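Undergrad: Got structure_3.cif for you, mmCIF, C-alpha atoms and all ligand atoms:
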data_entry
loop_
_atom_site.group_PDB
_atom_site.id
_atom_site.type_symbol
_atom_site.label_atom_id
_atom_site.label_comp_id
_atom_site.auth_asym_id
_atom_site.auth_seq_id
_atom_site.Cartn_x
_atom_site.Cartn_y
_atom_site.Cartn_z
ATOM 1 C CA MET A 1 101.450 100.768 93.827
ATOM 2 C CA SER A 2 98.317 101.226 95.926
ATOM 3 C CA LYS A 3 98.421 100.735 99.702
ATOM 4 C CA VAL A 4 99.147 97.153 100.721
ATOM 5 C CA THR A 5 96.850 95.860 103.438
ATOM 6 C CA THR A 6 96.237 92.424 104.916
ATOM 7 C CA ALA A 7 93.132 92.220 102.663
ATOM 8 C CA ARG A 8 95.264 92.984 99.611
ATOM 9 C CA LEU A 9 97.772 90.252 100.523
ATOM 10 C CA LEU A 10 94.909 87.770 100.844
ATOM 11 C CA ALA A 11 93.527 88.861 97.456
ATOM 12 C CA MET A 12 97.014 88.453 95.943
ATOM 13 C CA LYS A 13 97.092 84.855 97.143
ATOM 14 C CA GLN A 14 93.617 84.216 95.745
ATOM 15 C CA GLU A 15 94.671 85.736 92.402
ATOM 16 C CA GLN A 16 97.960 83.791 92.446
ATOM 17 C CA GLN A 17 100.055 86.963 92.451
ATOM 18 C CA LYS A 18 103.323 86.508 94.318
ATOM 19 C CA ILE A 19 104.187 88.735 97.272
ATOM 20 C CA ALA A 20 107.664 90.311 97.541
ATOM 21 C CA MET A 21 108.847 91.124 101.043
ATOM 22 C CA ILE A 22 112.252 92.286 102.279
ATOM 23 C CA THR A 23 113.712 93.398 105.587
ATOM 24 C CA ALA A 24 114.646 97.013 106.276
ATOM 25 C CA TYR A 25 115.757 98.759 109.429
ATOM 26 C CA ASP A 26 115.718 102.453 108.518
ATOM 27 C CA ALA A 27 113.660 105.033 106.630
ATOM 28 C CA THR A 28 115.959 105.505 103.626
ATOM 29 C CA PHE A 29 116.129 101.847 102.638
ATOM 30 C CA ALA A 30 112.421 101.398 103.379
ATOM 31 C CA GLN A 31 111.562 104.256 101.024
ATOM 32 C CA VAL A 32 113.834 102.956 98.256
ATOM 33 C CA PHE A 33 112.438 99.414 98.638
ATOM 34 C CA GLU A 34 108.891 100.702 98.484
ATOM 35 C CA GLN A 35 109.730 102.671 95.330
ATOM 36 C CA ALA A 36 111.212 99.452 93.930
ATOM 37 C CA GLY A 37 107.802 97.823 94.354
ATOM 38 C CA VAL A 38 108.084 95.601 97.442
ATOM 39 C CA HIS A 39 104.712 94.781 98.940
ATOM 40 C CA ALA A 40 105.769 94.281 102.554
ATOM 41 C CA ILE A 41 108.735 95.385 104.660
ATOM 42 C CA LEU A 42 109.825 93.382 107.686
ATOM 43 C CA ILE A 43 111.695 94.947 110.570
ATOM 44 C CA GLY A 44 113.257 91.615 111.420
ATOM 45 C CA ASP A 45 115.025 90.864 114.659
ATOM 46 C CA SER A 46 117.747 89.787 112.228
ATOM 47 C CA LEU A 47 118.883 93.340 112.982
ATOM 48 C CA GLY A 48 120.687 91.788 115.949
ATOM 49 C CA MET A 49 122.953 90.003 113.504
ATOM 50 C CA VAL A 50 123.144 92.338 110.497
ATOM 51 C CA LEU A 51 123.179 95.702 112.326
ATOM 52 C CA GLN A 52 124.509 94.845 115.780
ATOM 53 C CA GLY A 53 126.960 92.108 114.746
ATOM 54 C CA GLU A 54 125.676 89.529 117.217
ATOM 55 C CA LYS A 55 125.823 85.768 116.547
ATOM 56 C CA SER A 56 122.065 85.349 116.972
ATOM 57 C CA THR A 57 118.878 87.389 117.367
ATOM 58 C CA LEU A 58 118.568 86.698 121.088
ATOM 59 C CA LYS A 59 119.967 89.991 122.411
ATOM 60 C CA VAL A 60 117.498 92.156 120.478
ATOM 61 C CA THR A 61 115.278 94.160 122.815
ATOM 62 C CA MET A 62 111.841 95.747 122.524
ATOM 63 C CA GLU A 63 113.582 99.136 122.560
ATOM 64 C CA ASP A 64 115.644 98.100 119.503
ATOM 65 C CA MET A 65 112.537 96.865 117.685
ATOM 66 C CA ALA A 66 110.449 99.935 118.497
ATOM 67 C CA TYR A 67 113.224 102.294 117.372
ATOM 68 C CA HIS A 68 113.796 100.564 114.021
ATOM 69 C CA THR A 69 110.061 100.102 113.445
ATOM 70 C CA ARG A 70 109.558 103.845 113.843
ATOM 71 C CA CYS A 71 112.444 104.535 111.428
ATOM 72 C CA VAL A 72 111.038 102.164 108.777
ATOM 73 C CA ALA A 73 107.434 103.301 109.202
ATOM 74 C CA ASN A 74 108.552 106.913 108.659
ATOM 75 C CA GLY A 75 109.966 105.870 105.256
ATOM 76 C CA CYS A 76 106.891 103.911 104.162
ATOM 77 C CA ASP A 77 103.699 105.062 102.607
ATOM 78 C CA LYS A 78 102.278 102.039 100.835
ATOM 79 C CA ALA A 79 104.060 98.844 101.855
ATOM 80 C CA LEU A 80 102.712 96.725 104.711
ATOM 81 C CA VAL A 81 105.032 97.196 107.708
ATOM 82 C CA VAL A 82 105.613 94.020 109.739
ATOM 83 C CA ALA A 83 107.669 94.110 112.960
ATOM 84 C CA ASP A 84 109.172 91.181 114.852
ATOM 85 C CA LEU A 85 108.380 90.612 118.496
ATOM 86 C CA PRO A 86 111.866 89.806 119.843
ATOM 87 C CA PHE A 87 113.016 86.856 121.972
ATOM 88 C CA MET A 88 111.000 86.418 125.201
ATOM 89 C CA SER A 89 108.767 89.415 124.495
ATOM 90 C CA TYR A 90 105.622 87.279 124.012
ATOM 91 C CA SER A 91 105.916 84.599 126.692
ATOM 92 C CA THR A 92 102.354 85.261 127.856
ATOM 93 C CA PRO A 93 99.380 86.694 125.948
ATOM 94 C CA GLU A 94 99.419 89.752 128.235
ATOM 95 C CA GLN A 95 103.106 90.426 127.618
ATOM 96 C CA ALA A 96 102.582 89.918 123.858
ATOM 97 C CA CYS A 97 99.688 92.414 123.808
ATOM 98 C CA ARG A 98 101.707 95.022 125.715
ATOM 99 C CA ASN A 99 104.723 94.678 123.441
ATOM 100 C CA ALA A 100 102.659 94.454 120.237
ATOM 101 C CA ALA A 101 100.977 97.729 121.234
ATOM 102 C CA THR A 102 104.418 99.356 121.447
ATOM 103 C CA LEU A 103 105.302 98.147 117.922
ATOM 104 C CA MET A 104 101.919 99.165 116.475
ATOM 105 C CA ARG A 105 102.304 102.626 118.050
ATOM 106 C CA ALA A 106 105.766 102.809 116.458
ATOM 107 C CA GLY A 107 104.094 102.342 113.067
ATOM 108 C CA ALA A 108 103.829 98.593 112.429
ATOM 109 C CA HIS A 109 100.738 97.249 110.683
ATOM 110 C CA MET A 110 101.360 93.664 111.808
ATOM 111 C CA VAL A 111 103.605 91.844 114.287
ATOM 112 C CA LYS A 112 105.469 88.595 113.690
ATOM 113 C CA LEU A 113 106.168 85.929 116.284
ATOM 114 C CA GLU A 114 108.043 82.637 116.105
ATOM 115 C CA GLY A 115 106.431 79.383 117.163
ATOM 116 C CA GLY A 116 103.526 76.990 116.805
ATOM 117 C CA ALA A 117 100.258 75.855 118.334
ATOM 118 C CA TRP A 118 101.360 76.838 121.854
ATOM 119 C CA LEU A 119 100.935 80.483 120.737
ATOM 120 C CA ALA A 120 97.282 80.034 119.709
ATOM 121 C CA GLU A 121 95.865 81.916 122.700
ATOM 122 C CA THR A 122 98.397 84.731 122.198
ATOM 123 C CA VAL A 123 97.539 85.000 118.489
ATOM 124 C CA SER A 124 93.803 85.091 119.124
ATOM 125 C CA GLN A 125 94.119 87.714 121.883
ATOM 126 C CA LEU A 126 96.290 89.917 119.676
ATOM 127 C CA THR A 127 93.890 89.553 116.741
ATOM 128 C CA ARG A 128 90.832 90.227 118.905
ATOM 129 C CA GLN A 129 92.493 93.416 120.140
ATOM 130 C CA GLY A 130 93.243 94.695 116.645
ATOM 131 C CA VAL A 131 96.780 93.467 116.012
ATOM 132 C CA PRO A 132 97.253 91.464 112.807
ATOM 133 C CA VAL A 133 99.709 88.609 113.353
ATOM 134 C CA CYS A 134 102.251 86.902 111.097
ATOM 135 C CA GLY A 135 103.402 83.437 112.221
ATOM 136 C CA HIS A 136 106.911 82.065 111.643
ATOM 137 C CA LEU A 137 107.631 78.318 111.455
ATOM 138 C CA GLY A 138 110.450 76.040 110.294
ATOM 139 C CA LEU A 139 113.836 77.449 111.258
ATOM 140 C CA THR A 140 112.801 79.952 113.912
ATOM 141 C CA PRO A 141 116.071 81.743 114.753
ATOM 142 C CA GLN A 142 115.037 82.623 118.328
ATOM 143 C CA SER A 143 115.227 78.842 119.007
ATOM 144 C CA VAL A 144 118.685 78.423 117.461
ATOM 145 C CA HIS A 145 120.094 76.881 120.640
ATOM 146 C CA VAL A 146 117.240 74.361 120.831
ATOM 147 C CA PHE A 147 117.921 73.349 117.207
ATOM 148 C CA GLY A 148 121.694 73.242 117.798
ATOM 149 C CA GLY A 149 122.383 75.673 114.954
ATOM 150 C CA PHE A 150 120.760 77.360 111.960
ATOM 151 C CA LYS A 151 119.565 74.131 110.321
ATOM 152 C CA LEU A 152 116.978 73.006 107.791
ATOM 153 C CA GLN A 153 113.765 71.941 109.570
ATOM 154 C CA GLY A 154 111.081 69.468 108.517
ATOM 155 C CA ARG A 155 113.109 66.973 106.533
ATOM 156 C CA GLU A 156 111.966 64.053 108.721
ATOM 157 C CA THR A 157 108.364 62.950 108.115
ATOM 158 C CA GLU A 158 107.307 63.396 111.748
ATOM 159 C CA GLN A 159 108.789 66.892 111.990
ATOM 160 C CA ALA A 160 107.188 67.883 108.672
ATOM 161 C CA LYS A 161 103.822 66.672 109.985
ATOM 162 C CA GLN A 162 104.276 68.753 113.145
ATOM 163 C CA ILE A 163 105.128 71.910 111.176
ATOM 164 C CA LYS A 164 101.954 71.410 109.109
ATOM 165 C CA GLU A 165 99.858 70.920 112.232
ATOM 166 C CA HIS A 166 101.324 74.055 113.826
ATOM 167 C CA ALA A 167 100.575 76.032 110.645
ATOM 168 C CA HIS A 168 96.925 74.951 110.729
ATOM 169 C CA ALA A 169 96.640 75.717 114.458
ATOM 170 C CA LEU A 170 98.054 79.223 113.958
ATOM 171 C CA VAL A 171 95.636 79.895 111.085
ATOM 172 C CA ALA A 172 92.727 78.694 113.241
ATOM 173 C CA ALA A 173 93.937 81.106 115.963
ATOM 174 C CA GLY A 174 93.904 84.027 113.536
ATOM 175 C CA ILE A 175 97.285 84.611 111.846
ATOM 176 C CA GLN A 176 96.931 86.441 108.537
ATOM 177 C CA LEU A 177 100.404 85.713 107.135
ATOM 178 C CA LEU A 178 102.940 82.935 107.711
ATOM 179 C CA VAL A 179 106.704 82.944 107.162
ATOM 180 C CA LEU A 180 108.230 79.519 106.529
ATOM 181 C CA GLU A 181 112.002 79.508 106.895
ATOM 182 C CA CYS A 182 114.433 76.820 105.745
ATOM 183 C CA VAL A 183 112.154 73.886 105.075
ATOM 184 C CA PRO A 184 112.132 71.490 102.108
ATOM 185 C CA SER A 185 110.367 72.910 99.028
ATOM 186 C CA HIS A 186 107.764 70.138 98.914
ATOM 187 C CA LEU A 187 106.706 70.811 102.522
ATOM 188 C CA ALA A 188 106.398 74.571 101.899
ATOM 189 C CA ALA A 189 104.447 73.886 98.709
ATOM 190 C CA ALA A 190 102.021 71.586 100.538
ATOM 191 C CA ILE A 191 101.474 74.066 103.396
ATOM 192 C CA SER A 192 100.982 76.964 100.946
ATOM 193 C CA ALA A 193 98.402 74.939 99.020
ATOM 194 C CA GLU A 194 96.524 73.891 102.173
ATOM 195 C CA LEU A 195 96.332 77.281 103.918
ATOM 196 C CA ARG A 196 93.904 80.008 102.889
ATOM 197 C CA ILE A 197 96.313 82.747 104.073
ATOM 198 C CA PRO A 198 99.501 83.787 102.200
ATOM 199 C CA VAL A 199 102.702 81.888 103.002
ATOM 200 C CA ILE A 200 106.006 83.735 102.554
ATOM 201 C CA GLY A 201 109.104 81.592 102.117
ATOM 202 C CA ILE A 202 112.791 82.079 102.843
ATOM 203 C CA GLY A 203 114.801 79.004 101.963
ATOM 204 C CA ALA A 204 111.463 77.292 101.360
ATOM 205 C CA GLY A 205 111.528 76.864 97.589
ATOM 206 C CA PRO A 206 109.580 78.451 94.753
ATOM 207 C CA LEU A 207 106.035 77.291 95.502
ATOM 208 C CA THR A 208 105.054 79.588 98.371
ATOM 209 C CA ASP A 209 102.828 82.639 97.876
ATOM 210 C CA GLY A 210 105.752 85.028 98.226
ATOM 211 C CA GLN A 211 109.336 85.459 99.351
ATOM 212 C CA VAL A 212 111.264 87.403 101.952
ATOM 213 C CA LEU A 213 115.006 88.123 102.063
ATOM 214 C CA VAL A 214 117.204 89.912 104.554
ATOM 215 C CA MET A 215 118.195 93.118 102.702
ATOM 216 C CA GLN A 216 121.934 92.607 103.284
ATOM 217 C CA ASP A 217 121.684 89.199 101.567
ATOM 218 C CA ALA A 218 119.722 90.618 98.603
ATOM 219 C CA LEU A 219 122.402 93.305 98.170
ATOM 220 C CA GLY A 220 125.400 90.983 98.543
ATOM 221 C CA LEU A 221 126.479 92.609 101.814
ATOM 222 C CA THR A 222 127.300 89.282 103.389
ATOM 223 C CA THR A 223 130.716 88.532 104.777
ATOM 224 C CA GLY A 224 131.826 84.945 105.235
ATOM 225 C CA TYR A 225 129.063 82.361 105.021
ATOM 226 C CA VAL A 226 126.461 83.065 102.303
ATOM 227 C CA PRO A 227 123.223 81.102 102.796
ATOM 228 C CA LYS A 228 122.186 78.942 99.818
ATOM 229 C CA PHE A 229 118.733 80.565 99.635
ATOM 230 C CA THR A 230 120.020 84.108 99.045
ATOM 231 C CA LYS A 231 120.942 85.949 95.867
ATOM 232 C CA ASN A 232 122.974 89.118 95.350
ATOM 233 C CA PHE A 233 120.682 91.183 93.112
ATOM 234 C CA LEU A 234 123.065 94.154 93.213
ATOM 235 C CA ALA A 235 125.690 92.148 91.299
ATOM 236 C CA GLU A 236 123.728 92.585 88.057
ATOM 237 C CA HIS A 237 122.188 96.022 88.613
ATOM 238 C CA PRO A 238 123.678 99.502 88.948
ATOM 239 C CA SER A 239 121.693 100.769 91.934
ATOM 240 C CA VAL A 240 120.017 99.507 95.098
ATOM 241 C CA LYS A 241 116.599 100.510 93.749
ATOM 242 C CA GLU A 242 117.124 98.628 90.478
ATOM 243 C CA ALA A 243 118.505 95.589 92.311
ATOM 244 C CA ILE A 244 115.443 95.377 94.544
ATOM 245 C CA ALA A 245 113.123 96.054 91.580
ATOM 246 C CA ALA A 246 114.777 93.018 89.943
ATOM 247 C CA TYR A 247 114.172 90.991 93.128
ATOM 248 C CA VAL A 248 110.484 91.999 93.043
ATOM 249 C CA ALA A 249 110.249 91.167 89.316
ATOM 250 C CA ASP A 250 111.918 87.759 89.798
ATOM 251 C CA VAL A 251 109.689 86.875 92.769
ATOM 252 C CA THR A 252 106.587 88.034 90.909
ATOM 253 C CA ALA A 253 107.533 85.998 87.824
ATOM 254 C CA GLY A 254 108.365 82.922 89.897
ATOM 255 C CA ILE A 255 112.020 83.029 88.752
ATOM 256 C CA PHE A 256 113.431 83.557 92.252
ATOM 257 C CA PRO A 257 114.048 81.357 94.132
ATOM 258 C CA GLY A 258 115.258 78.742 91.690
ATOM 259 C CA PRO A 259 116.219 75.151 92.512
ATOM 260 C CA GLU A 260 119.741 76.327 93.354
ATOM 261 C CA HIS A 261 118.291 78.410 96.226
ATOM 262 C CA SER A 262 116.019 75.638 97.544
ATOM 263 C CA PHE A 263 116.231 72.514 99.733
ATOM 264 C CA ASN A 264 114.785 69.069 98.938
HETATM 265 O O1 LIG A 301 114.340 88.516 111.408
HETATM 266 C C1 LIG A 301 114.180 88.370 110.194
HETATM 267 O O2 LIG A 301 114.747 89.083 109.348
HETATM 268 C C2 LIG A 301 113.288 87.310 109.760
HETATM 269 C C3 LIG A 301 113.340 86.893 108.322
HETATM 270 C C4 LIG A 301 114.567 86.115 108.054
HETATM 271 C C5 LIG A 301 112.111 86.160 107.912
HETATM 272 O O3 LIG A 301 112.552 86.780 110.542
#
Take the structure I supplied and represent it as structure tokens, if you would.

TA:
Amino acid sequence: MSKVTTARLLAMKQEQQKIAMITAYDATFAQVFEQAGVHAILIGDSLGMVLQGEKSTLKVTMEDMAYHTRCVANGCDKALVVADLPFMSYSTPEQACRNAATLMRAGAHMVKLEGGAWLAETVSQLTRQGVPVCGHLGLTPQSVHVFGGFKLQGRETEQAKQIKEHAHALVAAGIQLLVLECVPSHLAAAISAELRIPVIGIGAGPLTDGQVLVMQDALGLTTGYVPKFTKNFLAEHPSVKEAIAAYVADVTAGIFPGPEHSFN
């Protein structure tokens, strides 16, 4: 695999090649995932839940994100490294720029932030100053208490319209990638078709430009509640590398996610 850049992701969308993304939090997994063929690795603030055992992502700090970004970046050579700006670390454009600089210095190639049109000025300042930005709409876990739980977003017509409008506003502001989480498949399909940038889905059906999974979900390391949109790829493969290679192959072929992993 040659080096994955933002330009390459855009070309993949234009050539209708699907993008496979997964989370990682350390160098060993990042290296194995890259060898398995993933195009992009996300240091998600999901680490608050899957590494730290918290009930939400809200307690994750900039120190946590910078540490894990450095670990992942040290394991990566070719994959695009995307790091989450954690809860309340981008409340103003100035704060976002300061914290994005920390993540870029730790080795990220792009930062991700959760929210809509109200972040337009932040996105354009980051982009102007050399920081590529990934948006995140739909179920944005940092707003779990506003939503009243981890719930599907965009089922009502008005809410779906708002998510679309936010997606367009973020693209106009300069985002180069968008994650859509837990929205009905038809809404994700429409947004992916309308936007010129790649859209990565998680619980957003099969018709986005790519997929992302939390690595623990892709490897069946979930205890208790297993989200509908996940699949344990390790169940059918003898090693972590082969399991993730199967994930990449299934995403690339449009086999994963299937209807059983999607919402209407
Ligand atoms: O934090 C994370 O891992 C994420 C993914 C679920 C998209 O934002």

Undergrad: Give as a PDB file with C-alpha atoms, in the coordinates of the input each residue that has an atom at most 12 Å from (112.9, 62.5, 104.5) in the file, counting all atoms listed in the file.

TA:
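Contents of the output file selection_32.pdb:
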ATOM      1  CA  LEU A 152     116.978  73.006 107.791  1.00  0.00           C
ATOM      2  CA  GLN A 153     113.765  71.941 109.570  1.00  0.00           C
ATOM      3  CA  GLY A 154     111.081  69.468 108.517  1.00  0.00           C
ATOM      4  CA  ARG A 155     113.109  66.973 106.533  1.00  0.00           C
ATOM      5  CA  GLU A 156     111.966  64.053 108.721  1.00  0.00           C
ATOM      6  CA  THR A 157     108.364  62.950 108.115  1.00  0.00           C
ATOM      7  CA  GLU A 158     107.307  63.396 111.748  1.00  0.00           C
ATOM      8  CA  GLN A 159     108.789  66.892 111.990  1.00  0.00           C
ATOM      9  CA  ALA A 160     107.188  67.883 108.672  1.00  0.00           C
ATOM     10  CA  LYS A 161     103.822  66.672 109.985  1.00  0.00           C
ATOM     11  CA  VAL A 183     112.154  73.886 105.075  1.00  0.00           C
ATOM     12  CA  PRO A 184     112.132  71.490 102.108  1.00  0.00           C
ATOM     13  CA  HIS A 186     107.764  70.138  98.914  1.00  0.00           C
ATOM     14  CA  LEU A 187     106.706  70.811 102.522  1.00  0.00           C
ATOM     15  CA  PHE A 263     116.231  72.514  99.733  1.00  0.00           C
ATOM     16  CA  ASN A 264     114.785  69.069  98.938  1.00  0.00           C
TER      17      ASN A 264
END

Undergrad: Set the distance at 9 Å and use only C-alpha atoms: which residues neighbour A:Gly203 once local chain neighbours fewer than 4 positions away are removed? I'd like the list as a list in words.

TA: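 Within the cut-off, the hits are Leu152, Leu180, Glu181, Cys182, Val183, Pro184, Ser185, Gln211, Pro227, Lys228, Phe229, Thr230, Pro257, His261, Ser262 and Phe263 of chain A.
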
Undergrad: Which residues form the shell of 8 Å around ligand LIG 301 (chain A) when you count only C-alpha atoms and all ligand atoms, given as number ranges by chain?

TA: A: 23, 42-47, 57, 84, 112, 136, 140-141, 179-181, 201-202, 212-214

Undergrad: Please write the residues picked by the PyMOL selection byres (((chain A and resi 103-105) around 9) and not hetatm) on this file as JSON, numbers by chain.

TA: {"A": [62, 65, 66, 67, 69, 70, 83, 84, 85, 99, 100, 101, 102, 106, 107, 108, 109, 110, 111, 131]}

Undergrad: Any chance you could export the current selection's C-alpha atoms as a compact mmCIF listing (two decimals), keeping the file's coordinate frame?

TA:
# COMPACT_ATOMS: atom_id res chain seq x y z
CA MET A 62 111.84 95.75 122.52
CA MET A 65 112.54 96.86 117.68
CA ALA A 66 110.45 99.94 118.50
CA TYR A 67 113.22 102.29 117.37
CA THR A 69 110.06 100.10 113.44
CA ARG A 70 109.56 103.84 113.84
CA ALA A 83 107.67 94.11 112.96
CA ASP A 84 109.17 91.18 114.85
CA LEU A 85 108.38 90.61 118.50
CA ASN A 99 104.72 94.68 123.44
CA ALA A 100 102.66 94.45 120.24
CA ALA A 101 100.98 97.73 121.23
CA THR A 102 104.42 99.36 121.45
CA ALA A 106 105.77 102.81 116.46
CA GLY A 107 104.09 102.34 113.07
CA ALA A 108 103.83 98.59 112.43
CA HIS A 109 100.74 97.25 110.68
CA MET A 110 101.36 93.66 111.81
CA VAL A 111 103.60 91.84 114.29
CA VAL A 131 96.78 93.47 116.01

Undergrad: Could you tell me, as an mmCIF file with C-alpha atoms, keeping the file's coordinate frame, which residues have any atom at most 12 Å from (99.7, 69.5, 107.9), counting all atoms listed in the file?

TA:
data_model
loop_
_atom_site.group_PDB
_atom_site.id
_atom_site.type_symbol
_atom_site.label_atom_id
_atom_site.label_comp_id
_atom_site.auth_asym_id
_atom_site.auth_seq_id
_atom_site.Cartn_x
_atom_site.Cartn_y
_atom_site.Cartn_z
ATOM 1 C CA GLY A 154 111.081 69.468 108.517
ATOM 2 C CA THR A 157 108.364 62.950 108.115
ATOM 3 C CA GLU A 158 107.307 63.396 111.748
ATOM 4 C CA GLN A 159 108.789 66.892 111.990
ATOM 5 C CA ALA A 160 107.188 67.883 108.672
ATOM 6 C CA LYS A 161 103.822 66.672 109.985
ATOM 7 C CA GLN A 162 104.276 68.753 113.145
ATOM 8 C CA ILE A 163 105.128 71.910 111.176
ATOM 9 C CA LYS A 164 101.954 71.410 109.109
ATOM 10 C CA GLU A 165 99.858 70.920 112.232
ATOM 11 C CA HIS A 166 101.324 74.055 113.826
ATOM 12 C CA ALA A 167 100.575 76.032 110.645
ATOM 13 C CA HIS A 168 96.925 74.951 110.729
ATOM 14 C CA ALA A 169 96.640 75.717 114.458
ATOM 15 C CA LEU A 170 98.054 79.223 113.958
ATOM 16 C CA VAL A 171 95.636 79.895 111.085
ATOM 17 C CA LEU A 187 106.706 70.811 102.522
ATOM 18 C CA ALA A 188 106.398 74.571 101.899
ATOM 19 C CA ALA A 189 104.447 73.886 98.709
ATOM 20 C CA ALA A 190 102.021 71.586 100.538
ATOM 21 C CA ILE A 191 101.474 74.066 103.396
ATOM 22 C CA SER A 192 100.982 76.964 100.946
ATOM 23 C CA ALA A 193 98.402 74.939 99.020
ATOM 24 C CA GLU A 194 96.524 73.891 102.173
ATOM 25 C CA LEU A 195 96.332 77.281 103.918
#

Undergrad: Please determine, counting only C-alpha atoms, which residue among A:Met49, A:Val82, A:Cys76, A:Ile175 has the shortest atom-to-atom distance to A:Ala117.

TA: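 Nearest candidate to A:Ala117 out of A:Met49, A:Val82, A:Cys76, A:Ile175: A:Ile175.
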
Undergrad: Which of these residues is nearest to A:Val50, using only C-alpha atoms: A:Tyr25, A:Phe147, A:Phe256, A:Tyr90?

TA: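 Under the stated criterion, the closest residue is A:Tyr25.
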
Undergrad: Give me, as JSON lines, each residue of stretch 50-107 of chain A that comes within 6 Å of stretch 37-40 of chain A, together with its shortest interatomic pair and the distance in Å at one decimal, counting all atoms listed in the file, with rows ordered by chain and rising residue number.

TA:
{"residue": "A:Ala79", "atom": "CA", "partner": "A:Ala40", "partner_atom": "CA", "distance": 4.9}
{"residue": "A:Leu80", "atom": "CA", "partner": "A:Ala40", "partner_atom": "CA", "distance": 4.5}
{"residue": "A:Val81", "atom": "CA", "partner": "A:Ala40", "partner_atom": "CA", "distance": 6.0}

Undergrad: Tell me, in Å to one decimal, how far atom CA of A:His237 is from atom CA of A:Phe150.

TA: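 Computing it gives 29.9 Å between the two atoms.
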
Undergrad: Do you have the atom CA of A:Leu137-atom CA of A:Leu113 distance handy?

TA: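 Between these atoms lies a distance of 9.1 Å.
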
Undergrad: Looking at all atoms listed in the file, which of A:Thr61, A:Phe233, A:Ser143, A:Leu178 is the one that sits closest to A:Ala246?

TA: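 Of the candidates, the smallest distance to A:Ala246 is held by A:Phe233.
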
Undergrad: Work out how far atom CA of A:Gln31 is from atom CA of A:Gln129, in Å to one decimal.

TA: 29.1 Å

Undergrad: Could you tell me which of A:Ile244, A:Cys97, A:Glu63, A:Met88 comes closest to A:Pro132 if we count all atoms listed in the file?

TA: A:Cys97

Undergrad: Got a sec: who's within 10 Å of A:Thr28, counting only C-alpha atoms, leaving out chain neighbours fewer than 6 positions off, as a PyMOL selection string?

TA: chain A and resi 34+71-72+74-76

Undergrad: Could you save the residues just selected, with C-alpha atoms, as a PDB file, keeping the file's coordinate frame?

TA:
ATOM      1  CA  GLU A  34     108.891 100.702  98.484  1.00  0.00           C
ATOM      2  CA  CYS A  71     112.444 104.535 111.428  1.00  0.00           C
ATOM      3  CA  VAL A  72     111.038 102.164 108.777  1.00  0.00           C
ATOM      4  CA  ASN A  74     108.552 106.913 108.659  1.00  0.00           C
ATOM      5  CA  GLY A  75     109.966 105.870 105.256  1.00  0.00           C
ATOM      6  CA  CYS A  76     106.891 103.911 104.162  1.00  0.00           C
TER       7      CYS A  76
END

Undergrad: Of the candidates A:Cys134, A:Met21, A:Lys55, A:Ile255, which shows the shortest atom-to-atom distance to A:Gly115, using only C-alpha atoms?

TA: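 Of A:Cys134, A:Met21, A:Lys55, A:Ile255, the one nearest A:Gly115 is A:Cys134, counting only C-alpha atoms.
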
Undergrad: Restricting the calculation to all atoms listed in the file: of A:Glu121, A:Asp250, A:Asp77, A:Asp217, which residue gets closest to A:Gln35?

TA: A:Asp77

Undergrad: Using all atoms listed in the file, which protein or nucleic acid residues come within 12 Å of A:Lys13? Drop anything in the same chain fewer than 6 positions from it, and give the result as a list in words.

TA: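 The filter keeps Thr6, Ala7, Ile19, Ala20, Gln176, Leu177, Ser192, Ala193, Leu195, Arg196, Ile197, Pro198, Val199, Ile200, Leu207, Thr208, Asp209, Gly210 and Thr252 of chain A.
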
Undergrad: For this file, the PyMOL selection byres (((chain A and resi 92) around 12) and not hetatm) selects which residues, as number ranges by chain?

TA: A: 88-91, 93-100, 118-123, 125-126
